[in-house]
$ cat upload_37.csv   # CSV, C-alpha atoms and all ligand atoms
chain,number,residue,atom,x,y,z
A,30,MET,CA,-200.3,-53.2,-4.9
A,31,ASN,CA,-198.1,-50.5,-3.8
A,32,VAL,CA,-198.7,-46.8,-3.6
A,33,ILE,CA,-195.8,-44.5,-3.2
A,34,GLU,CA,-197.2,-41.4,-1.4
A,35,LYS,CA,-195.0,-38.5,-2.2
A,36,THR,CA,-197.9,-36.3,-1.2
A,37,SER,CA,-199.2,-36.6,2.3
A,38,ASP,CA,-202.9,-37.1,3.1
A,39,THR,CA,-203.4,-33.5,4.3
A,40,GLN,CA,-201.6,-32.2,1.2
A,41,ARG,CA,-204.0,-34.3,-1.0
A,42,ALA,CA,-207.0,-33.0,0.9
A,43,ARG,CA,-205.8,-29.5,0.3
A,44,GLU,CA,-205.5,-30.3,-3.4
A,45,MET,CA,-209.0,-31.7,-3.5
A,46,ARG,CA,-210.4,-28.5,-1.9
A,47,ALA,CA,-208.3,-26.4,-4.3
A,48,GLN,CA,-210.2,-28.1,-7.1
A,49,HIS,CA,-213.3,-26.0,-6.0
A,50,LEU,CA,-215.7,-28.9,-6.6
A,51,PRO,CA,-219.3,-27.7,-6.4
A,52,ALA,CA,-221.6,-29.4,-3.8
A,53,GLY,CA,-222.9,-32.7,-5.2
A,54,HIS,CA,-220.0,-33.1,-7.6
A,55,PRO,CA,-218.7,-36.7,-7.6
A,56,PRO,CA,-215.3,-36.9,-5.9
A,57,VAL,CA,-212.3,-36.6,-8.2
A,58,LYS,CA,-209.1,-38.5,-7.7
A,59,ALA,CA,-206.5,-37.7,-10.2
A,60,GLY,CA,-202.8,-37.0,-10.8
A,61,ARG,CA,-201.4,-40.5,-10.3
A,62,ILE,CA,-199.4,-42.7,-12.6
A,63,GLY,CA,-199.8,-46.5,-12.5
A,64,VAL,CA,-197.1,-49.1,-13.4
A,65,LEU,CA,-198.7,-52.4,-14.2
A,66,LEU,CA,-196.6,-55.5,-14.6
A,67,VAL,CA,-198.4,-58.3,-16.6
A,68,ASN,CA,-197.3,-61.9,-16.7
A,69,LEU,CA,-198.7,-64.9,-18.5
A,70,GLY,CA,-201.0,-66.4,-16.0
A,71,THR,CA,-201.6,-69.0,-13.4
A,72,PRO,CA,-204.3,-71.3,-12.0
A,73,ASP,CA,-205.8,-70.5,-8.6
A,74,GLY,CA,-205.1,-74.1,-7.4
A,75,THR,CA,-203.9,-77.4,-8.8
A,76,ASP,CA,-207.3,-79.1,-8.5
A,77,TYR,CA,-209.2,-80.1,-11.6
A,78,ARG,CA,-211.7,-77.2,-11.5
A,79,SER,CA,-209.1,-74.5,-11.1
A,80,MET,CA,-206.9,-76.0,-13.8
A,81,ARG,CA,-209.8,-76.3,-16.2
A,82,ARG,CA,-210.9,-72.7,-15.6
A,83,TYR,CA,-207.4,-71.4,-16.2
A,84,LEU,CA,-206.7,-73.6,-19.3
A,85,GLU,CA,-210.1,-72.7,-20.8
A,86,GLU,CA,-209.4,-69.0,-20.6
A,87,PHE,CA,-205.9,-69.6,-22.0
A,88,LEU,CA,-206.8,-71.9,-24.8
A,89,THR,CA,-209.8,-70.0,-26.0
A,90,ASP,CA,-207.6,-66.9,-26.7
A,91,LYS,CA,-207.5,-66.5,-30.5
A,92,ARG,CA,-204.0,-65.0,-30.1
A,93,VAL,CA,-202.8,-68.3,-28.6
A,94,ILE,CA,-204.7,-70.8,-30.7
A,95,GLU,CA,-205.3,-69.4,-34.1
A,96,TRP,CA,-207.3,-72.3,-35.5
A,97,PRO,CA,-210.9,-71.6,-36.6
A,98,LYS,CA,-213.4,-72.2,-33.7
A,99,ALA,CA,-215.3,-74.7,-35.7
A,100,ILE,CA,-212.2,-77.0,-35.8
A,101,TRP,CA,-210.6,-76.1,-32.4
A,102,TYR,CA,-213.6,-76.0,-30.0
A,103,PRO,CA,-214.7,-79.6,-30.5
A,104,ILE,CA,-211.1,-80.7,-29.8
A,105,LEU,CA,-210.7,-78.3,-26.9
A,106,TYR,CA,-214.1,-79.1,-25.2
A,107,GLY,CA,-214.2,-82.8,-26.3
A,108,ILE,CA,-210.6,-83.8,-25.4
A,109,VAL,CA,-208.1,-81.2,-24.1
A,110,LEU,CA,-210.2,-79.8,-21.3
A,111,ASN,CA,-211.1,-83.3,-20.1
A,112,THR,CA,-207.6,-84.6,-20.0
A,113,ARG,CA,-205.1,-81.7,-19.7
A,114,PRO,CA,-206.4,-80.2,-16.3
A,115,LYS,CA,-205.4,-83.4,-14.5
A,116,LYS,CA,-202.0,-83.8,-16.2
A,117,SER,CA,-201.1,-80.1,-15.8
A,118,GLY,CA,-202.4,-80.1,-12.2
A,119,LYS,CA,-200.0,-82.8,-11.4
A,120,ALA,CA,-197.1,-80.9,-13.0
A,121,TYR,CA,-198.1,-77.8,-11.0
A,122,GLU,CA,-198.1,-79.9,-7.8
A,123,GLU,CA,-194.4,-80.4,-8.3
A,124,ILE,CA,-193.6,-76.8,-8.2
A,125,TRP,CA,-196.4,-75.2,-6.1
A,126,ASN,CA,-195.5,-72.7,-3.5
A,127,ARG,CA,-197.2,-74.4,-0.5
A,128,GLU,CA,-196.4,-71.7,2.0
A,129,LEU,CA,-198.5,-69.1,0.1
A,130,ASP,CA,-200.6,-71.7,-1.7
A,131,GLU,CA,-199.9,-70.2,-5.2
A,132,SER,CA,-197.8,-70.8,-8.3
A,133,PRO,CA,-194.2,-69.6,-8.4
A,134,LEU,CA,-195.1,-67.3,-11.3
A,135,ARG,CA,-197.5,-65.5,-9.0
A,136,THR,CA,-195.1,-65.2,-6.1
A,137,ILE,CA,-192.3,-64.0,-8.3
A,138,THR,CA,-194.4,-61.5,-10.3
A,139,ARG,CA,-195.7,-60.0,-7.0
A,140,GLY,CA,-192.1,-59.8,-5.7
A,141,GLN,CA,-191.1,-57.9,-8.9
A,142,SER,CA,-193.8,-55.4,-8.5
A,143,ASP,CA,-193.1,-54.8,-4.8
A,144,LYS,CA,-189.4,-54.4,-5.3
A,145,LEU,CA,-190.0,-52.1,-8.2
A,146,ALA,CA,-192.1,-49.9,-5.9
A,147,GLU,CA,-189.2,-49.8,-3.4
A,148,ARG,CA,-186.7,-48.9,-6.1
A,149,LEU,CA,-188.7,-46.2,-7.7
A,150,GLY,CA,-189.8,-44.5,-4.5
A,151,GLY,CA,-187.4,-41.7,-5.2
A,152,LEU,CA,-189.3,-40.4,-8.3
A,153,GLY,CA,-191.0,-37.2,-7.6
A,154,GLU,CA,-194.6,-38.2,-8.4
A,155,THR,CA,-197.3,-40.3,-6.9
A,156,LEU,CA,-196.8,-43.7,-8.5
A,157,VAL,CA,-199.0,-46.8,-8.0
A,158,PHE,CA,-197.4,-50.2,-8.7
A,159,ASP,CA,-199.4,-53.3,-9.3
A,160,TRP,CA,-199.3,-56.6,-11.2
A,161,ALA,CA,-201.8,-58.8,-13.1
A,162,MET,CA,-202.1,-62.0,-15.0
A,163,ARG,CA,-203.3,-62.3,-18.6
A,164,TYR,CA,-205.0,-65.6,-17.7
A,165,GLY,CA,-206.3,-66.2,-14.2
A,166,ASN,CA,-206.1,-63.8,-11.2
A,167,PRO,CA,-205.6,-60.9,-10.6
A,168,SER,CA,-207.1,-60.1,-14.0
A,169,ILE,CA,-205.8,-57.2,-16.1
A,170,ALA,CA,-209.3,-55.5,-16.1
A,171,SER,CA,-209.6,-55.6,-12.3
A,172,ARG,CA,-206.2,-53.9,-11.9
A,173,ILE,CA,-206.8,-51.3,-14.5
A,174,GLU,CA,-210.1,-50.4,-12.9
A,175,ARG,CA,-208.5,-50.2,-9.5
A,176,MET,CA,-205.7,-48.0,-10.7
A,177,GLN,CA,-208.2,-45.7,-12.3
A,178,ALA,CA,-210.3,-45.6,-9.1
A,179,GLN,CA,-207.1,-44.6,-7.2
A,180,GLY,CA,-206.7,-41.6,-9.5
A,181,CYS,CA,-204.3,-43.0,-12.2
A,182,GLU,CA,-204.7,-40.8,-15.2
A,183,ARG,CA,-201.8,-42.5,-16.9
A,184,ILE,CA,-200.8,-46.2,-16.8
A,185,LEU,CA,-197.6,-47.8,-18.0
A,186,VAL,CA,-198.4,-51.4,-18.9
A,187,PHE,CA,-195.4,-53.7,-18.9
A,188,PRO,CA,-195.9,-57.2,-20.6
A,189,LEU,CA,-193.1,-59.2,-19.0
A,190,TYR,CA,-191.9,-60.8,-22.3
A,191,PRO,CA,-188.5,-59.8,-23.6
A,192,GLN,CA,-189.3,-61.2,-27.1
A,193,TYR,CA,-192.5,-60.0,-28.8
A,194,SER,CA,-195.0,-62.6,-29.9
A,195,ALA,CA,-198.6,-62.0,-30.9
A,196,SER,CA,-199.4,-64.9,-28.6
A,197,THR,CA,-198.0,-63.1,-25.5
A,198,THR,CA,-197.3,-59.4,-25.9
A,199,ALA,CA,-200.2,-58.6,-28.2
A,200,THR,CA,-202.8,-60.5,-26.2
A,201,VAL,CA,-201.8,-58.5,-23.1
A,202,ASN,CA,-202.2,-55.3,-24.9
A,203,ASP,CA,-205.5,-56.4,-26.5
A,204,THR,CA,-206.8,-57.1,-23.0
A,205,VAL,CA,-205.7,-53.8,-21.6
A,206,PHE,CA,-207.5,-51.9,-24.4
A,207,ARG,CA,-210.6,-54.1,-24.0
A,208,ALA,CA,-210.7,-53.0,-20.4
A,209,LEU,CA,-210.5,-49.4,-21.4
A,210,MET,CA,-213.5,-49.8,-23.8
A,211,LYS,CA,-215.7,-50.0,-20.7
A,212,MET,CA,-214.4,-46.9,-19.1
A,213,ARG,CA,-216.0,-43.5,-19.3
A,214,TRP,CA,-212.8,-41.7,-18.1
A,215,GLN,CA,-210.0,-43.6,-19.6
A,216,PRO,CA,-206.4,-43.3,-18.4
A,217,ALA,CA,-203.8,-42.6,-21.0
A,218,VAL,CA,-201.8,-45.8,-21.6
A,219,ARG,CA,-198.3,-46.6,-22.7
A,220,THR,CA,-197.2,-50.2,-23.4
A,221,VAL,CA,-193.6,-51.2,-22.9
A,222,PRO,CA,-192.0,-52.6,-26.1
A,223,PRO,CA,-190.2,-55.9,-26.3
A,224,TYR,CA,-186.7,-55.7,-24.8
A,225,HIS,CA,-184.9,-58.6,-26.5
A,226,ASP,CA,-182.0,-56.5,-27.6
A,227,GLU,CA,-181.9,-54.0,-24.7
A,228,PRO,CA,-178.3,-53.7,-23.5
A,229,ALA,CA,-179.3,-53.9,-19.9
A,230,TYR,CA,-181.2,-57.2,-20.6
A,231,ILE,CA,-178.4,-58.8,-22.6
A,232,ASP,CA,-175.9,-57.8,-19.8
A,233,ALA,CA,-178.2,-59.2,-17.1
A,234,ILE,CA,-178.7,-62.6,-18.9
A,235,ALA,CA,-174.9,-62.8,-19.6
A,236,ARG,CA,-174.1,-62.0,-15.9
A,237,SER,CA,-176.6,-64.6,-14.7
A,238,ILE,CA,-174.9,-67.2,-16.9
A,239,GLU,CA,-171.5,-66.2,-15.5
A,240,ALA,CA,-172.7,-66.3,-11.9
A,241,LYS,CA,-174.3,-69.7,-12.2
A,242,LEU,CA,-171.3,-71.2,-14.1
A,243,GLY,CA,-169.1,-69.8,-11.3
A,244,GLU,CA,-171.1,-71.8,-8.7
A,245,LEU,CA,-171.0,-75.1,-10.6
A,246,ASP,CA,-168.5,-77.8,-9.9
A,247,PHE,CA,-168.4,-78.6,-13.7
A,248,GLU,CA,-167.8,-76.6,-16.9
A,249,PRO,CA,-170.7,-77.2,-19.3
A,250,GLU,CA,-169.6,-78.1,-22.9
A,251,ILE,CA,-172.7,-76.4,-24.2
A,252,VAL,CA,-175.3,-74.0,-22.9
A,253,LEU,CA,-178.8,-74.1,-24.4
A,254,ALA,CA,-180.8,-70.9,-24.6
A,255,SER,CA,-184.3,-72.5,-24.5
A,256,TYR,CA,-187.2,-70.3,-25.4
A,257,HIS,CA,-190.9,-71.2,-25.3
A,258,GLY,CA,-191.9,-72.2,-28.8
A,259,ILE,CA,-194.7,-71.1,-31.1
A,260,PRO,CA,-196.2,-72.9,-34.1
A,261,GLN,CA,-194.1,-72.6,-37.3
A,262,SER,CA,-197.2,-71.2,-39.0
A,263,TYR,CA,-197.3,-68.1,-36.7
A,264,PHE,CA,-193.7,-67.4,-37.7
A,265,ARG,CA,-194.4,-67.8,-41.4
A,266,ASN,CA,-197.3,-65.4,-41.0
A,267,GLY,CA,-195.0,-62.7,-39.7
A,268,ASP,CA,-194.6,-63.1,-36.0
A,269,PRO,CA,-191.1,-61.6,-35.2
A,270,TYR,CA,-190.6,-63.9,-32.1
A,271,HIS,CA,-188.1,-66.3,-33.8
A,272,CYS,CA,-185.9,-63.4,-34.9
A,273,HIS,CA,-186.1,-61.8,-31.5
A,274,CYS,CA,-184.9,-65.1,-29.9
A,275,GLN,CA,-182.1,-65.4,-32.3
A,276,LYS,CA,-181.0,-61.8,-31.8
A,277,THR,CA,-181.1,-62.1,-28.0
A,278,THR,CA,-178.9,-65.2,-28.2
A,279,ARG,CA,-176.4,-63.7,-30.6
A,280,LEU,CA,-176.0,-60.6,-28.4
A,281,VAL,CA,-175.6,-62.7,-25.3
A,282,ARG,CA,-173.0,-64.9,-27.0
A,283,GLU,CA,-171.1,-61.8,-28.2
A,284,ARG,CA,-171.3,-60.3,-24.7
A,285,LEU,CA,-169.8,-63.5,-23.3
A,286,GLY,CA,-167.2,-63.8,-26.1
A,287,TRP,CA,-168.3,-67.3,-26.7
A,288,PRO,CA,-168.1,-69.2,-30.1
A,289,GLU,CA,-171.3,-70.0,-32.0
A,290,GLU,CA,-171.4,-73.7,-30.8
A,291,LYS,CA,-171.2,-72.9,-27.1
A,292,LEU,CA,-174.6,-71.1,-26.8
A,293,LYS,CA,-177.3,-72.7,-28.9
A,294,VAL,CA,-181.0,-71.7,-29.4
A,295,THR,CA,-183.7,-74.3,-28.8
A,296,PHE,CA,-187.5,-74.1,-28.4
A,297,GLN,CA,-189.5,-75.9,-25.7
A,298,SER,CA,-193.2,-76.5,-24.7
A,299,ARG,CA,-194.8,-77.8,-27.9
A,300,PHE,CA,-198.5,-78.0,-27.7
A,301,GLY,CA,-200.8,-79.8,-30.2
A,302,PRO,CA,-200.0,-81.6,-33.5
A,303,GLU,CA,-198.6,-78.7,-35.6
A,304,GLU,CA,-194.9,-78.3,-36.3
A,305,TRP,CA,-193.4,-75.7,-33.9
A,306,LEU,CA,-190.2,-73.7,-34.1
A,307,GLN,CA,-187.1,-75.9,-34.1
A,308,PRO,CA,-184.7,-77.3,-32.8
A,309,TYR,CA,-186.8,-78.7,-30.0
A,310,THR,CA,-185.2,-78.5,-26.5
A,311,ASP,CA,-186.1,-82.0,-25.4
A,312,LYS,CA,-184.9,-83.6,-28.7
A,313,THR,CA,-181.7,-81.6,-28.6
A,314,VAL,CA,-181.0,-82.5,-25.0
A,315,GLU,CA,-181.5,-86.2,-25.9
A,316,GLU,CA,-179.3,-86.0,-29.0
A,317,LEU,CA,-176.5,-84.2,-27.1
A,318,ALA,CA,-176.4,-86.9,-24.4
A,319,LYS,CA,-176.5,-89.7,-27.0
A,320,SER,CA,-173.7,-88.1,-29.0
A,321,GLY,CA,-171.4,-88.2,-25.9
A,322,VAL,CA,-171.9,-84.7,-24.4
A,323,LYS,CA,-171.6,-85.1,-20.7
A,324,ARG,CA,-172.1,-81.6,-19.2
A,325,ILE,CA,-174.7,-79.0,-20.2
A,326,ALA,CA,-176.6,-76.1,-18.7
A,327,VAL,CA,-179.9,-74.6,-19.9
A,328,ILE,CA,-181.1,-71.0,-19.5
A,329,ASN,CA,-184.5,-69.6,-20.3
A,330,PRO,CA,-183.9,-66.0,-21.5
A,331,GLY,CA,-187.5,-65.6,-22.7
A,332,PHE,CA,-189.1,-66.0,-19.3
A,333,ALA,CA,-188.9,-63.0,-16.9
A,334,SER,CA,-189.9,-65.3,-14.0
A,335,ASP,CA,-189.5,-69.0,-13.3
A,336,CYS,CA,-192.7,-71.0,-13.8
A,337,LEU,CA,-194.0,-74.4,-14.8
A,338,GLU,CA,-192.2,-74.2,-18.1
A,339,THR,CA,-188.8,-73.6,-16.6
A,340,LEU,CA,-188.9,-75.4,-13.2
A,341,GLU,CA,-190.8,-78.5,-14.3
A,342,GLU,CA,-190.1,-78.8,-18.0
A,343,ILE,CA,-186.5,-77.8,-18.0
A,344,ALA,CA,-185.0,-78.1,-14.5
A,345,GLY,CA,-187.0,-81.3,-14.0
A,346,GLU,CA,-187.8,-83.1,-17.3
A,347,ALA,CA,-185.0,-82.0,-19.5
A,348,GLY,CA,-182.5,-82.9,-16.7
A,349,GLU,CA,-184.0,-86.4,-16.6
A,350,ILE,CA,-183.8,-86.8,-20.3
A,351,PHE,CA,-180.2,-85.8,-20.3
A,352,HIS,CA,-179.3,-88.3,-17.5
A,353,GLU,CA,-181.3,-91.1,-19.0
A,354,ASN,CA,-179.4,-90.9,-22.2
A,355,GLY,CA,-175.9,-90.8,-20.9
A,356,GLY,CA,-175.4,-87.2,-19.8
A,357,GLU,CA,-173.7,-86.7,-16.4
A,358,HIS,CA,-174.0,-83.1,-15.3
A,359,PHE,CA,-177.0,-80.9,-15.9
A,360,ALA,CA,-177.7,-77.4,-14.6
A,361,HIS,CA,-180.7,-75.1,-14.9
A,362,ILE,CA,-179.8,-71.4,-14.8
A,363,PRO,CA,-182.7,-69.6,-13.0
A,364,CYS,CA,-184.6,-66.8,-14.6
A,365,LEU,CA,-183.8,-63.2,-13.5
A,366,ASN,CA,-186.9,-63.2,-11.3
A,367,ASP,CA,-186.8,-60.5,-8.5
A,368,SER,CA,-183.0,-60.9,-8.1
A,369,GLU,CA,-180.8,-57.8,-8.0
A,370,LEU,CA,-179.9,-58.3,-11.7
A,371,GLY,CA,-183.6,-58.8,-12.6
A,372,MET,CA,-184.8,-55.8,-10.6
A,373,SER,CA,-182.1,-53.5,-12.0
A,374,LEU,CA,-183.2,-54.4,-15.5
A,375,LEU,CA,-186.9,-53.8,-14.8
A,376,GLU,CA,-186.0,-50.5,-13.1
A,377,THR,CA,-184.0,-49.4,-16.1
A,378,ILE,CA,-186.8,-50.2,-18.5
A,379,VAL,CA,-189.5,-48.6,-16.4
A,380,ARG,CA,-187.5,-45.4,-15.7
A,381,ARG,CA,-187.0,-45.0,-19.5
A,382,GLU,CA,-190.6,-45.7,-20.4
A,383,LEU,CA,-191.9,-43.3,-17.8
A,384,SER,CA,-189.8,-40.5,-19.2
A,385,GLY,CA,-191.9,-37.4,-19.9
A,386,TRP,CA,-194.5,-38.6,-17.4
A,387,VAL,CA,-192.5,-38.2,-14.3
A,401,LIG,C1,-200.6,-72.9,-28.8
A,401,LIG,C2,-200.4,-72.9,-27.6
A,401,LIG,C3,-199.4,-72.0,-26.9
A,401,LIG,C4,-198.6,-70.9,-27.4
A,401,LIG,C5,-198.6,-70.3,-28.8
A,401,LIG,C6,-197.8,-70.4,-26.4
A,401,LIG,C7,-196.9,-69.4,-26.4
A,401,LIG,C8,-196.2,-68.9,-25.4
A,401,LIG,N1,-196.3,-69.2,-24.0
A,401,LIG,C9,-195.4,-68.6,-23.3
A,401,LIG,C10,-195.1,-68.6,-21.9
A,401,LIG,C11,-195.7,-69.5,-21.0
A,401,LIG,N2,-196.6,-70.6,-21.4
A,401,LIG,C12,-197.0,-71.2,-20.2
A,401,LIG,C13,-197.8,-72.3,-20.1
A,401,LIG,C14,-198.5,-72.9,-21.2
A,401,LIG,N3,-198.4,-72.6,-22.6
A,401,LIG,C15,-199.3,-73.3,-23.3
A,401,LIG,C16,-199.6,-73.2,-24.7
A,401,LIG,C17,-199.0,-72.2,-25.5
A,401,LIG,N4,-198.1,-71.2,-25.2
A,401,LIG,C18,-200.0,-74.1,-22.4
A,401,LIG,C19,-201.2,-75.0,-22.8
A,401,LIG,C20,-199.6,-73.8,-21.1
A,401,LIG,C21,-200.2,-74.3,-19.8
A,401,LIG,C22,-199.4,-75.3,-19.0
A,401,LIG,C23,-199.7,-76.7,-19.4
A,401,LIG,O1,-200.8,-77.1,-19.3
A,401,LIG,O2,-198.7,-77.4,-19.7
A,401,LIG,C24,-196.3,-70.6,-19.1
A,401,LIG,C25,-196.3,-71.1,-17.6
A,401,LIG,C26,-197.3,-70.5,-16.7
A,401,LIG,C27,-197.2,-70.9,-15.2
A,401,LIG,O3,-198.0,-70.6,-14.4
A,401,LIG,O4,-196.2,-71.4,-14.8
A,401,LIG,C28,-195.5,-69.6,-19.6
A,401,LIG,C29,-194.7,-68.6,-18.8
A,401,LIG,C30,-194.6,-67.8,-24.2
A,401,LIG,C31,-193.4,-66.9,-23.8
A,401,LIG,C32,-195.1,-68.0,-25.5
A,401,LIG,C33,-194.7,-67.5,-26.8
A,401,LIG,C34,-193.7,-66.8,-27.1
A,402,FE,FE,-197.2,-71.1,-23.4
A,403,FE,FE,-185.8,-65.2,-37.9
$ encode --input "upload_37.csv" --output "C-alpha cells"
Amino acid sequence: MNVIEKTSDTQRAREMRAQHLPAGHPPVKAGRIGVLLVNLGTPDGTDYRSMRRYLEEFLTDKRVIEWPKAIWYPILYGIVLNTRPKKSGKAYEEIWNRELDESPLRTITRGQSDKLAERLGGLGETLVFDWAMRYGNPSIASRIERMQAQGCERILVFPLYPQYSASTTATVNDTVFRALMKMRWQPAVRTVPPYHDEPAYIDAIARSIEAKLGELDFEPEIVLASYHGIPQSYFRNGDPYHCHCQKTTRLVRERLGWPEEKLKVTFQSRFGPEEWLQPYTDKTVEELAKSGVKRIAVINPGFASDCLETLEEIAGEAGEIFHENGGEHFAHIPCLNDSELGMSLLETIVRRELSGWV
C-alpha cells in the first residue's frame, strides 16, 4: 500500500480543525482517492491446506463454474478438492518466489502497484495505491475497507484483465460491490473497463514481441498469442471474451505488419470435461512441431502478470511438448508485468480513468 501525501500532516490537522467537529464527534477522514489494482488470485503457500483453501474459494465462484451446485459440488468436494491441491501445489513449487515466499503473481502485482504510486506522485491530490486478489490474500474487501478507513471517498478499481470475461472482470466487480454492501459510508466507485483494443496496450504488446524477437538467436516461423480459455458454453451465452481476444490479436498483427498466419490465436488452461474455446494451445504446439515447424514463440497477451498459467504451462509444459514432437527452438515472451512498457500502459489507463476526479 502506498499513500502519496501531497498534503503534509500539519496541513491535514488544520483541515480537520477547519471542519469544526463538535466534541464527541467521531473523527472524519476524507478527501482521498484510492486506486486498487485487482488480480486473479494466489494461494498463501504450496502446501495441501493452502492450495485447498485457495481452490475452494476459486472453484465455488458461480462466475467461474456456472454448473448448478447440485451437480458441481459433489464433484468439487468429492474429487477435485481431494486431488487438485496436491497436483497444483507441485506446479506452484516450480515457479514459487522462494525469497519472498509467495507466488510470482503476488510479487508482480505488488510491484505494479508500487511503481504506479511512484509514477503518479505528481498528480495534485492525495492518492492511495493498493492491490488485492480476487481469490486468496489480500482480499478485495479488506483493501476496500482499509482505503475507506484512510479517507478514500472515491476508489478506482482496476481489474487487471485486458479482455472482459464474466469469469474474471465481472467477478472482481461483484466482489467490490459486495464489500460496499456492508459499509455505512460507501466510497464512490469507478471500475476500469476492458482494454483489449486500447492503442497503448496494443503498442506495448507489439513492442514486447519486437524486443523479445530481437534478443533471440532464431527467427520464429509462427508466434502464438495464447489466451486463457473459457468453456464454449460461456461464449455461446454471450461472453465477449472470445471477440476481445480476436480483436487484440488482429490489432497487434496489424501494428506489427505481419500476415495472418504469422500470429495465431490459441486458448490454454482447459479445466473439466466441457469443450473450451479452440484451437487449444497444447494441441496446436504439438501439431505445429509434428508438421515440421521448428521455431516458435508464444506470448500471453491476456495476462497482465506472469503466473502459473504462463510460467509453468507455457514456458515450461508447452516448450516441452514442442521439443518432444520435433520442434527445435521455443521461446516464451514474458507478460508486460512491471516493466517500463507495462507500467507506461497502466499509467496511461489510470490517468485516463481518474479524469474528473483529480
Ligand atoms: C472453469 C474454470 C476456469 C475458468 C472459466 C477460468 C477463466 C480464467 N482464468 C484466468 C486467469 C487465470 N487462471 C488461473 C488459474 C486457474 N484457472 C482455473 C480455472 C478457470 N479459469 C484454475 C482451476 C486455476 C488454478 C490453477 C490450477 O490449479 O491449475 C491463473 C493463475 C493464478 C496464479 O496464481 O498463478 C490466472 C492468471 C482468465 C484470464 C480467465 C478467463 C478469461
Ligand atoms: Fe483460470
Ligand atoms: Fe467472436
$ residues_around --input "upload_37.csv" --residues "Asp226 of chain A" --least-positions-apart "6" --cutoff "8 Å" --atoms "all atoms listed in the file" --output "ChimeraX atom specification"
/A:273,276-277,280
$ atom_distance --input "upload_37.csv" --atom1 "atom CA of Arg219 of chain A" --atom2 "atom CA of Leu185 of chain A"
4.9 Å
$ residues_near_ligand --input "upload_37.csv" --ligand "ligand FE 403 (chain A)" --cutoff "9 Å" --atoms "all atoms listed in the file" --output "number ranges by chain"
A: 264, 269-276
$ atom_distance --input "upload_37.csv" --atom1 "atom O1 of ligand LIG 401 (chain A)" --atom2 "atom CA of Asn266 of chain A"
24.9 Å
$ atom_distance --input "upload_37.csv" --atom1 "atom C3 of ligand LIG 401 (chain A)" --atom2 "atom CA of Ala199 of chain A"
13.5 Å
$ residues_around --input "upload_37.csv" --residues "segment 302-319 of chain A" --least-positions-apart "4" --cutoff "8 Å" --atoms "only C-alpha atoms" --output "ChimeraX atom specification"
/A:255,258-262,271,294-297,323,347,350-352,354-356
$ write_last_selection --input "upload_37.csv" --atoms "C-alpha atoms" --output "tab-separated table (two decimals), in the coordinates of the input"
chain	number	residue	atom	x	y	z
A	255	SER	CA	-184.30	-72.50	-24.50
A	258	GLY	CA	-191.90	-72.20	-28.80
A	259	ILE	CA	-194.70	-71.10	-31.10
A	260	PRO	CA	-196.20	-72.90	-34.10
A	261	GLN	CA	-194.10	-72.60	-37.30
A	262	SER	CA	-197.20	-71.20	-39.00
A	271	HIS	CA	-188.10	-66.30	-33.80
A	294	VAL	CA	-181.00	-71.70	-29.40
A	295	THR	CA	-183.70	-74.30	-28.80
A	296	PHE	CA	-187.50	-74.10	-28.40
A	297	GLN	CA	-189.50	-75.90	-25.70
A	323	LYS	CA	-171.60	-85.10	-20.70
A	347	ALA	CA	-185.00	-82.00	-19.50
A	350	ILE	CA	-183.80	-86.80	-20.30
A	351	PHE	CA	-180.20	-85.80	-20.30
A	352	HIS	CA	-179.30	-88.30	-17.50
A	354	ASN	CA	-179.40	-90.90	-22.20
A	355	GLY	CA	-175.90	-90.80	-20.90
A	356	GLY	CA	-175.40	-87.20	-19.80
$ residues_near_ligand --input "upload_37.csv" --ligand "ligand FE 402 (chain A)" --cutoff "8 Å" --atoms "all atoms listed in the file" --output "tab-separated table (two decimals) with C-alpha atoms, keeping the file's coordinate frame"
chain	number	residue	atom	x	y	z
A	257	HIS	CA	-190.90	-71.20	-25.30
A	258	GLY	CA	-191.90	-72.20	-28.80
A	298	SER	CA	-193.20	-76.50	-24.70
A	338	GLU	CA	-192.20	-74.20	-18.10
$ residues_near_ligand --input "upload_37.csv" --ligand "ligand LIG 401 (chain A)" --cutoff "8 Å" --atoms "all atoms listed in the file" --output "compact mmCIF listing (two decimals) with C-alpha atoms, keeping the file's coordinate frame"
# COMPACT_ATOMS: atom_id res chain seq x y z
CA ASN A 68 -197.30 -61.90 -16.70
CA LEU A 69 -198.70 -64.90 -18.50
CA GLY A 70 -201.00 -66.40 -16.00
CA THR A 71 -201.60 -69.00 -13.40
CA PRO A 72 -204.30 -71.30 -12.00
CA LEU A 84 -206.70 -73.60 -19.30
CA PHE A 87 -205.90 -69.60 -22.00
CA LEU A 88 -206.80 -71.90 -24.80
CA ARG A 92 -204.00 -65.00 -30.10
CA VAL A 93 -202.80 -68.30 -28.60
CA ILE A 94 -204.70 -70.80 -30.70
CA GLU A 95 -205.30 -69.40 -34.10
CA ARG A 113 -205.10 -81.70 -19.70
CA PRO A 114 -206.40 -80.20 -16.30
CA LYS A 116 -202.00 -83.80 -16.20
CA SER A 117 -201.10 -80.10 -15.80
CA GLY A 118 -202.40 -80.10 -12.20
CA ALA A 120 -197.10 -80.90 -13.00
CA TYR A 121 -198.10 -77.80 -11.00
CA SER A 132 -197.80 -70.80 -8.30
CA PRO A 133 -194.20 -69.60 -8.40
CA LEU A 134 -195.10 -67.30 -11.30
CA ARG A 135 -197.50 -65.50 -9.00
CA TYR A 190 -191.90 -60.80 -22.30
CA GLN A 192 -189.30 -61.20 -27.10
CA TYR A 193 -192.50 -60.00 -28.80
CA SER A 194 -195.00 -62.60 -29.90
CA ALA A 195 -198.60 -62.00 -30.90
CA SER A 196 -199.40 -64.90 -28.60
CA THR A 197 -198.00 -63.10 -25.50
CA TYR A 256 -187.20 -70.30 -25.40
CA HIS A 257 -190.90 -71.20 -25.30
CA GLY A 258 -191.90 -72.20 -28.80
CA ILE A 259 -194.70 -71.10 -31.10
CA PRO A 260 -196.20 -72.90 -34.10
CA TYR A 270 -190.60 -63.90 -32.10
CA SER A 298 -193.20 -76.50 -24.70
CA ARG A 299 -194.80 -77.80 -27.90
CA PHE A 300 -198.50 -78.00 -27.70
CA GLY A 301 -200.80 -79.80 -30.20
CA GLY A 331 -187.50 -65.60 -22.70
CA PHE A 332 -189.10 -66.00 -19.30
CA SER A 334 -189.90 -65.30 -14.00
CA ASP A 335 -189.50 -69.00 -13.30
CA CYS A 336 -192.70 -71.00 -13.80
CA LEU A 337 -194.00 -74.40 -14.80
CA GLU A 338 -192.20 -74.20 -18.10
CA THR A 339 -188.80 -73.60 -16.60
